[in-house]
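Worksheet for the structure shown next.
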Amino acid sequence: MSGFFFVAWPVLAWALAILGGLYRYFTLRYTYSSLSSQMLAPGSLYWGSVPWHYGVVPILIAHLLAGVFPRAAAAAVSPPTALLVLETAGLALGLLSLVGLVILFARRLGPALRRVTSGMDWVVLLVLLVQVVTGVAIALFVRWGARWYPYTAAPWFWSIARLAPDPSRVAVLPTLAQIHFMSGFLVIALFPFTRLVHLVPFPITYLWRPYQVVSWLGRRGRGRAGP
Ligand code: HEM
């Protein structure tokens, strides 16, 4: 079983993400985004989206940096104070992203949004929920992730990148961590088939582009404009 999950699954997930992403880009380019639901429920979008993105983006950057530069990551957390500060910050960000995700989930249960929510939207929300809950649970119960990640997950990632996956270092980790890793690759595999594709064009221009103004046309909403 671990042969499939730690050897074949990560390669398959990357293949699906890259090939599916290229196919969608060249055949359905104008769908390469995340359809906005801002007009339908602007308040809950704000309270869900902001904590979710502010929490999860730094966490993913930390995952990436520690995977690409494991020696520097291990050195950075070798002083106990640095480890404690980093783990506490990680846990706070994990909880922030969890709060945001629960709000994003709950708002789609309302009648206005349920109608425009696809099956894949629900799949993405559920998988992300599993991902964040298991991530926070690792931080709480499989201590200290920042210390063991550079010696377990990072070499495994590099072996996958060399197309010679070596699962020996991750196969010995607790089941909770293994579930987090497997569903992490599910997130990658789902990328091109869901609204998660909006991350690929890397929407960094959001930081300096002009503010988006959503205004209502028609009698009921005339004169109403929301941010
Ligand atoms: C296979 C890829 C992944 C690996 C090997 C991995 C590994 C880890 C580890 C070891 C931790 C615990 C960190 C600590 O205790 O300091 C963690 C936490 C976390 N991960 Fe992942 N992860 C992966 C993918 C993802 C993805 C794709 C997401 C989100 C979309 C994610 C979200 C989180 C969150 C929210 C936390 C909690 C942060 C914290 O409390 O420190 N992870 N992950």
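Each chain in the structure tokens gets a letter, A, B, ..., in the order shown, and its residues are numbered from 1; ligands are numbered from 1 in order too.
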If you run DSSP on the backbone, which residues of stretch 134-163 of chain A are helix (DSSP H, G or I), as JSON, numbers by chain? {"A": [134, 135, 136, 137, 138, 139, 140, 141, 145, 146, 147, 148, 149, 150, 151, 153, 154, 155, 156, 157, 158, 159, 160, 161]}
Might you pull out every residue within 12 Å of A:Phe4, with only C-alpha atoms counted and same-chain residues fewer than 4 positions away left off, and present them as a list in words?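 Skipping anything fewer than 4 positions along the chain leaves Ala8, Trp9, Pro10, Val11, Leu12, Ala13, Pro165, Asp166, Pro167, Ala171 and Met182 of chain A.
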Counting only C-alpha atoms, what is within 12 Å of A:Val99, bar same-chain residues fewer than 6 positions away, as a PyMOL selection string? chain A and resi 44+47-56+92-93+105-106+129+132-133+136
Dump as a compact mmCIF listing (two decimals), in the first residue's frame, selection limited to all heavy atoms:
```
# COMPACT_ATOMS: atom_id res chain seq x y z
N SER A 44 -19.55 37.63 3.76
CA SER A 44 -18.96 36.37 4.21
C SER A 44 -17.74 36.00 3.38
O SER A 44 -16.83 35.32 3.86
CB SER A 44 -19.99 35.24 4.15
OG SER A 44 -20.50 35.11 2.84
N TRP A 47 -14.87 37.80 5.14
CA TRP A 47 -14.49 37.20 6.42
C TRP A 47 -13.95 35.78 6.28
O TRP A 47 -13.26 35.28 7.17
CB TRP A 47 -15.66 37.24 7.41
CG TRP A 47 -15.93 38.64 7.85
CD1 TRP A 47 -16.98 39.42 7.50
CD2 TRP A 47 -15.09 39.45 8.67
NE1 TRP A 47 -16.87 40.67 8.05
CE2 TRP A 47 -15.71 40.73 8.78
CE3 TRP A 47 -13.87 39.24 9.33
CZ2 TRP A 47 -15.15 41.77 9.51
CZ3 TRP A 47 -13.31 40.28 10.07
CH2 TRP A 47 -13.95 41.52 10.15
N GLY A 48 -14.25 35.13 5.15
CA GLY A 48 -13.69 33.80 4.92
C GLY A 48 -12.39 33.88 4.15
O GLY A 48 -11.37 33.30 4.53
N SER A 49 -12.42 34.65 3.05
CA SER A 49 -11.28 34.65 2.14
C SER A 49 -10.03 35.28 2.77
O SER A 49 -8.92 34.79 2.58
CB SER A 49 -11.68 35.41 0.87
OG SER A 49 -10.63 35.45 -0.01
N VAL A 50 -10.21 36.37 3.51
CA VAL A 50 -9.03 37.06 4.05
C VAL A 50 -8.28 36.17 5.06
O VAL A 50 -7.09 35.89 4.87
CB VAL A 50 -9.40 38.45 4.62
CG1 VAL A 50 -8.25 39.06 5.39
CG2 VAL A 50 -9.83 39.37 3.48
N PRO A 51 -8.94 35.64 6.12
CA PRO A 51 -8.18 34.76 7.04
C PRO A 51 -7.63 33.52 6.33
O PRO A 51 -6.52 33.09 6.63
CB PRO A 51 -9.19 34.36 8.10
CG PRO A 51 -10.44 35.06 7.82
CD PRO A 51 -10.31 35.86 6.57
N TRP A 52 -8.42 32.95 5.40
CA TRP A 52 -7.95 31.75 4.71
C TRP A 52 -6.64 32.04 3.97
O TRP A 52 -5.64 31.36 4.17
CB TRP A 52 -9.02 31.23 3.73
CG TRP A 52 -8.49 30.30 2.69
CD1 TRP A 52 -8.38 30.53 1.36
CD2 TRP A 52 -7.96 28.97 2.90
NE1 TRP A 52 -7.82 29.46 0.73
CE2 TRP A 52 -7.55 28.49 1.65
CE3 TRP A 52 -7.78 28.17 4.03
CZ2 TRP A 52 -6.98 27.23 1.47
CZ3 TRP A 52 -7.20 26.91 3.86
CH2 TRP A 52 -6.82 26.46 2.59
N HIS A 53 -6.63 33.09 3.13
CA HIS A 53 -5.43 33.36 2.33
C HIS A 53 -4.27 33.85 3.19
O HIS A 53 -3.14 33.44 2.99
CB HIS A 53 -5.75 34.34 1.20
CG HIS A 53 -6.53 33.70 0.09
ND1 HIS A 53 -7.89 33.76 0.02
CD2 HIS A 53 -6.14 32.94 -0.97
CE1 HIS A 53 -8.31 33.09 -1.05
NE2 HIS A 53 -7.26 32.58 -1.67
N TYR A 54 -4.56 34.72 4.17
CA TYR A 54 -3.47 35.22 5.02
C TYR A 54 -2.87 34.10 5.87
O TYR A 54 -1.72 34.14 6.26
CB TYR A 54 -3.95 36.36 5.92
CG TYR A 54 -3.94 37.70 5.23
CD1 TYR A 54 -4.84 37.99 4.21
CD2 TYR A 54 -3.00 38.68 5.56
CE1 TYR A 54 -4.83 39.20 3.55
CE2 TYR A 54 -2.98 39.90 4.90
CZ TYR A 54 -3.89 40.14 3.90
OH TYR A 54 -3.86 41.35 3.23
N GLY A 55 -3.68 33.08 6.16
CA GLY A 55 -3.16 31.95 6.95
C GLY A 55 -2.41 30.96 6.08
O GLY A 55 -1.28 30.57 6.38
N VAL A 56 -3.04 30.56 4.96
CA VAL A 56 -2.49 29.42 4.23
C VAL A 56 -1.30 29.79 3.34
O VAL A 56 -0.38 28.98 3.17
CB VAL A 56 -3.60 28.70 3.42
CG1 VAL A 56 -3.89 29.35 2.09
CG2 VAL A 56 -3.26 27.23 3.24
N ALA A 92 -0.67 29.39 14.84
CA ALA A 92 -1.62 30.52 14.77
C ALA A 92 -2.12 30.69 13.34
O ALA A 92 -3.32 30.87 13.10
CB ALA A 92 -0.93 31.80 15.26
N LEU A 93 -1.20 30.60 12.37
CA LEU A 93 -1.60 30.75 10.96
C LEU A 93 -2.51 29.59 10.52
O LEU A 93 -3.46 29.78 9.77
CB LEU A 93 -0.37 30.83 10.06
CG LEU A 93 0.45 32.12 10.18
CD1 LEU A 93 1.79 31.98 9.46
CD2 LEU A 93 -0.34 33.30 9.60
N PHE A 105 -16.77 27.56 3.71
CA PHE A 105 -17.59 26.35 3.56
C PHE A 105 -19.05 26.68 3.92
O PHE A 105 -19.98 26.40 3.16
CB PHE A 105 -17.05 25.26 4.49
CG PHE A 105 -17.52 23.88 4.15
CD1 PHE A 105 -16.68 23.01 3.47
CD2 PHE A 105 -18.80 23.46 4.49
CE1 PHE A 105 -17.12 21.74 3.14
CE2 PHE A 105 -19.23 22.20 4.15
CZ PHE A 105 -18.39 21.33 3.48
N ALA A 106 -19.22 27.31 5.08
CA ALA A 106 -20.57 27.58 5.58
C ALA A 106 -21.34 28.49 4.65
O ALA A 106 -22.54 28.31 4.43
CB ALA A 106 -20.49 28.19 6.98
N LEU A 129 -10.21 21.10 3.82
CA LEU A 129 -10.55 20.98 5.24
C LEU A 129 -9.75 19.84 5.87
O LEU A 129 -9.16 19.99 6.95
CB LEU A 129 -12.05 20.73 5.37
CG LEU A 129 -12.72 21.20 6.64
CD1 LEU A 129 -12.48 22.69 6.87
CD2 LEU A 129 -14.22 20.93 6.61
N VAL A 132 -6.08 21.03 6.22
CA VAL A 132 -5.77 22.00 7.28
C VAL A 132 -5.96 21.35 8.66
O VAL A 132 -5.13 21.53 9.56
CB VAL A 132 -6.65 23.25 7.12
CG1 VAL A 132 -6.43 24.20 8.28
CG2 VAL A 132 -6.35 23.95 5.82
N VAL A 133 -7.02 20.54 8.81
CA VAL A 133 -7.24 19.90 10.12
C VAL A 133 -6.08 18.95 10.44
O VAL A 133 -5.54 18.96 11.55
CB VAL A 133 -8.60 19.15 10.15
CG1 VAL A 133 -8.71 18.26 11.37
CG2 VAL A 133 -9.75 20.14 10.13
N VAL A 136 -2.89 21.05 11.31
CA VAL A 136 -2.92 21.60 12.68
C VAL A 136 -2.74 20.47 13.70
O VAL A 136 -2.04 20.62 14.70
CB VAL A 136 -4.24 22.38 12.91
CG1 VAL A 136 -4.42 22.73 14.36
CG2 VAL A 136 -4.27 23.65 12.06
```
Could you give me, as a PyMOL selection string, every polymer residue with an atom at most 8 Å away from an atom of ligand 1, counting only C-alpha atoms and all ligand atoms? chain A and resi 55-56+59-60+63+86-95+97-98+128+131-140+142-149+153-154+157+177+180-185+187-188
Please write the residues from the selection above to a file, keeping N, CA and C atoms, as a CSV table (one decimal), in the first residue's frame.
```
chain,number,residue,atom,x,y,z
A,55,GLY,N,-3.7,33.1,6.2
A,55,GLY,CA,-3.2,32.0,6.9
A,55,GLY,C,-2.4,31.0,6.1
A,56,VAL,N,-3.0,30.6,5.0
A,56,VAL,CA,-2.5,29.4,4.2
A,56,VAL,C,-1.3,29.8,3.3
A,59,ILE,N,2.0,29.6,5.2
A,59,ILE,CA,2.3,28.2,5.5
A,59,ILE,C,2.8,27.5,4.3
A,60,LEU,N,2.2,27.7,3.1
A,60,LEU,CA,2.6,27.0,1.9
A,60,LEU,C,4.0,27.5,1.5
A,63,HIS,N,6.3,25.6,3.7
A,63,HIS,CA,6.4,24.2,3.3
A,63,HIS,C,7.4,24.1,2.1
A,86,LEU,N,8.7,29.8,15.7
A,86,LEU,CA,8.2,29.3,14.4
A,86,LEU,C,7.0,28.4,14.5
A,87,GLU,N,7.1,27.5,15.4
A,87,GLU,CA,5.9,26.5,15.6
A,87,GLU,C,4.7,27.3,16.1
A,88,THR,N,4.9,28.2,17.0
A,88,THR,CA,3.7,29.0,17.5
A,88,THR,C,3.1,29.8,16.4
A,89,ALA,N,4.0,30.5,15.6
A,89,ALA,CA,3.4,31.2,14.4
A,89,ALA,C,2.7,30.3,13.5
A,90,GLY,N,3.3,29.1,13.2
A,90,GLY,CA,2.7,28.2,12.3
A,90,GLY,C,1.3,27.8,12.7
A,91,LEU,N,1.2,27.5,14.1
A,91,LEU,CA,0.0,27.0,14.6
A,91,LEU,C,-1.1,28.1,14.5
A,92,ALA,N,-0.7,29.4,14.8
A,92,ALA,CA,-1.6,30.5,14.8
A,92,ALA,C,-2.1,30.7,13.3
A,93,LEU,N,-1.2,30.6,12.4
A,93,LEU,CA,-1.6,30.8,11.0
A,93,LEU,C,-2.5,29.6,10.5
A,94,GLY,N,-2.2,28.4,11.0
A,94,GLY,CA,-3.0,27.2,10.7
A,94,GLY,C,-4.4,27.4,11.2
A,95,LEU,N,-4.6,27.9,12.4
A,95,LEU,CA,-5.9,28.1,13.0
A,95,LEU,C,-6.6,29.2,12.3
A,97,SER,N,-6.3,30.0,9.1
A,97,SER,CA,-6.7,29.5,7.8
A,97,SER,C,-7.9,28.5,8.0
A,98,LEU,N,-7.9,27.8,9.2
A,98,LEU,CA,-9.1,26.9,9.5
A,98,LEU,C,-10.4,27.7,9.7
A,128,LEU,N,-9.5,20.5,1.3
A,128,LEU,CA,-8.7,21.5,2.0
A,128,LEU,C,-9.0,21.4,3.5
A,131,GLN,N,-7.0,18.7,4.8
A,131,GLN,CA,-5.6,19.1,4.8
A,131,GLN,C,-5.2,20.0,6.0
A,132,VAL,N,-6.1,21.0,6.2
A,132,VAL,CA,-5.8,22.0,7.3
A,132,VAL,C,-6.0,21.3,8.7
A,133,VAL,N,-7.0,20.5,8.8
A,133,VAL,CA,-7.2,19.9,10.1
A,133,VAL,C,-6.1,18.9,10.4
A,134,THR,N,-5.6,18.1,9.5
A,134,THR,CA,-4.5,17.2,9.7
A,134,THR,C,-3.2,18.0,10.0
A,135,GLY,N,-3.1,19.1,9.2
A,135,GLY,CA,-1.8,19.9,9.4
A,135,GLY,C,-1.8,20.5,10.9
A,136,VAL,N,-2.9,21.0,11.3
A,136,VAL,CA,-2.9,21.6,12.7
A,136,VAL,C,-2.7,20.5,13.7
A,137,ALA,N,-3.4,19.3,13.4
A,137,ALA,CA,-3.2,18.2,14.3
A,137,ALA,C,-1.8,17.7,14.4
A,138,ILE,N,-1.1,17.7,13.3
A,138,ILE,CA,0.4,17.3,13.3
A,138,ILE,C,1.1,18.3,14.2
A,139,ALA,N,0.9,19.6,14.0
A,139,ALA,CA,1.6,20.6,14.8
A,139,ALA,C,1.3,20.4,16.3
A,140,LEU,N,0.1,19.9,16.6
A,140,LEU,CA,-0.2,19.8,18.1
A,140,LEU,C,0.3,18.4,18.6
A,142,VAL,N,2.2,15.7,16.7
A,142,VAL,CA,3.4,15.0,16.2
A,142,VAL,C,4.6,16.1,16.2
A,143,ARG,N,5.0,16.4,17.4
A,143,ARG,CA,6.0,17.5,17.6
A,143,ARG,C,7.4,17.0,17.2
A,144,TRP,N,8.3,17.9,16.8
A,144,TRP,CA,8.2,19.2,16.3
A,144,TRP,C,8.4,19.1,14.8
A,145,GLY,N,7.3,19.4,14.1
A,145,GLY,CA,7.3,19.2,12.6
A,145,GLY,C,8.4,20.0,11.9
A,146,ALA,N,8.7,21.2,12.4
A,146,ALA,CA,9.7,22.0,11.7
A,146,ALA,C,11.1,21.3,11.9
A,147,ARG,N,11.3,20.5,12.9
A,147,ARG,CA,12.5,19.8,13.1
A,147,ARG,C,12.6,18.6,12.2
A,148,TRP,N,11.5,17.8,12.1
A,148,TRP,CA,11.7,16.5,11.4
A,148,TRP,C,11.4,16.6,9.9
A,149,TYR,N,10.6,17.7,9.5
A,149,TYR,CA,10.3,17.9,8.0
A,149,TYR,C,11.6,17.9,7.1
A,153,ALA,N,10.3,14.7,4.9
A,153,ALA,CA,9.5,15.1,3.7
A,153,ALA,C,10.4,15.6,2.7
A,154,ALA,N,11.4,16.5,3.1
A,154,ALA,CA,12.3,17.1,2.1
A,154,ALA,C,13.0,16.1,1.2
A,157,PHE,N,10.6,14.5,-1.2
A,157,PHE,CA,10.3,15.4,-2.3
A,157,PHE,C,11.4,15.4,-3.4
A,177,ALA,N,0.5,12.0,9.9
A,177,ALA,CA,1.3,12.7,9.0
A,177,ALA,C,1.2,12.2,7.6
A,180,HIS,N,-1.9,13.5,5.9
A,180,HIS,CA,-1.7,14.9,5.5
A,180,HIS,C,-0.9,14.9,4.2
A,181,PHE,N,0.1,14.1,4.1
A,181,PHE,CA,1.0,14.1,2.8
A,181,PHE,C,0.2,13.6,1.6
A,182,MET,N,-0.6,12.5,1.9
A,182,MET,CA,-1.4,11.9,0.7
A,182,MET,C,-2.4,12.9,0.2
A,183,SER,N,-3.1,13.6,1.2
A,183,SER,CA,-4.1,14.5,0.7
A,183,SER,C,-3.5,15.8,0.2
A,184,GLY,N,-2.2,16.1,0.6
A,184,GLY,CA,-1.5,17.2,0.0
A,184,GLY,C,-1.3,16.9,-1.5
A,185,PHE,N,-1.0,15.7,-1.8
A,185,PHE,CA,-0.8,15.4,-3.3
A,185,PHE,C,-2.2,15.4,-4.0
A,187,VAL,N,-4.5,17.6,-3.3
A,187,VAL,CA,-4.7,19.0,-3.6
A,187,VAL,C,-3.9,19.3,-4.9
A,188,ILE,N,-2.7,18.8,-5.1
A,188,ILE,CA,-1.9,19.1,-6.3
A,188,ILE,C,-2.6,18.5,-7.5
```
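Proximity to A:Leu101 was assessed for A:Ala82, A:Leu126, A:Val77, A:Leu186 counting only C-alpha atoms; the smallest distance is recorded for A:Leu126.
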Report the residues of stretch 64-226 of chain A whose backbone DSSP state falls under strand (DSSP E or B), written as a CSV table (one decimal) with N, CA and C atoms, in the first residue's frame.
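Below you can see states20.csv, which holds the result:
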```
chain,number,residue,atom,x,y,z
A,214,VAL,N,-17.6,46.3,-7.7
A,214,VAL,CA,-18.7,45.5,-8.2
A,214,VAL,C,-20.0,46.4,-8.0
A,215,SER,N,-20.6,46.7,-9.2
A,215,SER,CA,-21.8,47.5,-9.0
A,215,SER,C,-23.0,46.8,-9.7
A,225,ALA,N,-23.1,50.1,-4.8
A,225,ALA,CA,-21.8,49.6,-5.2
A,225,ALA,C,-21.1,49.0,-4.1
A,226,GLY,N,-20.5,47.9,-4.3
A,226,GLY,CA,-19.7,47.3,-3.2
A,226,GLY,C,-18.3,47.2,-3.5
```
Just give me the gap between atom CA of A:Leu125 and atom CA of A:Ala112 in Å, one decimal is fine. 17.5 Å
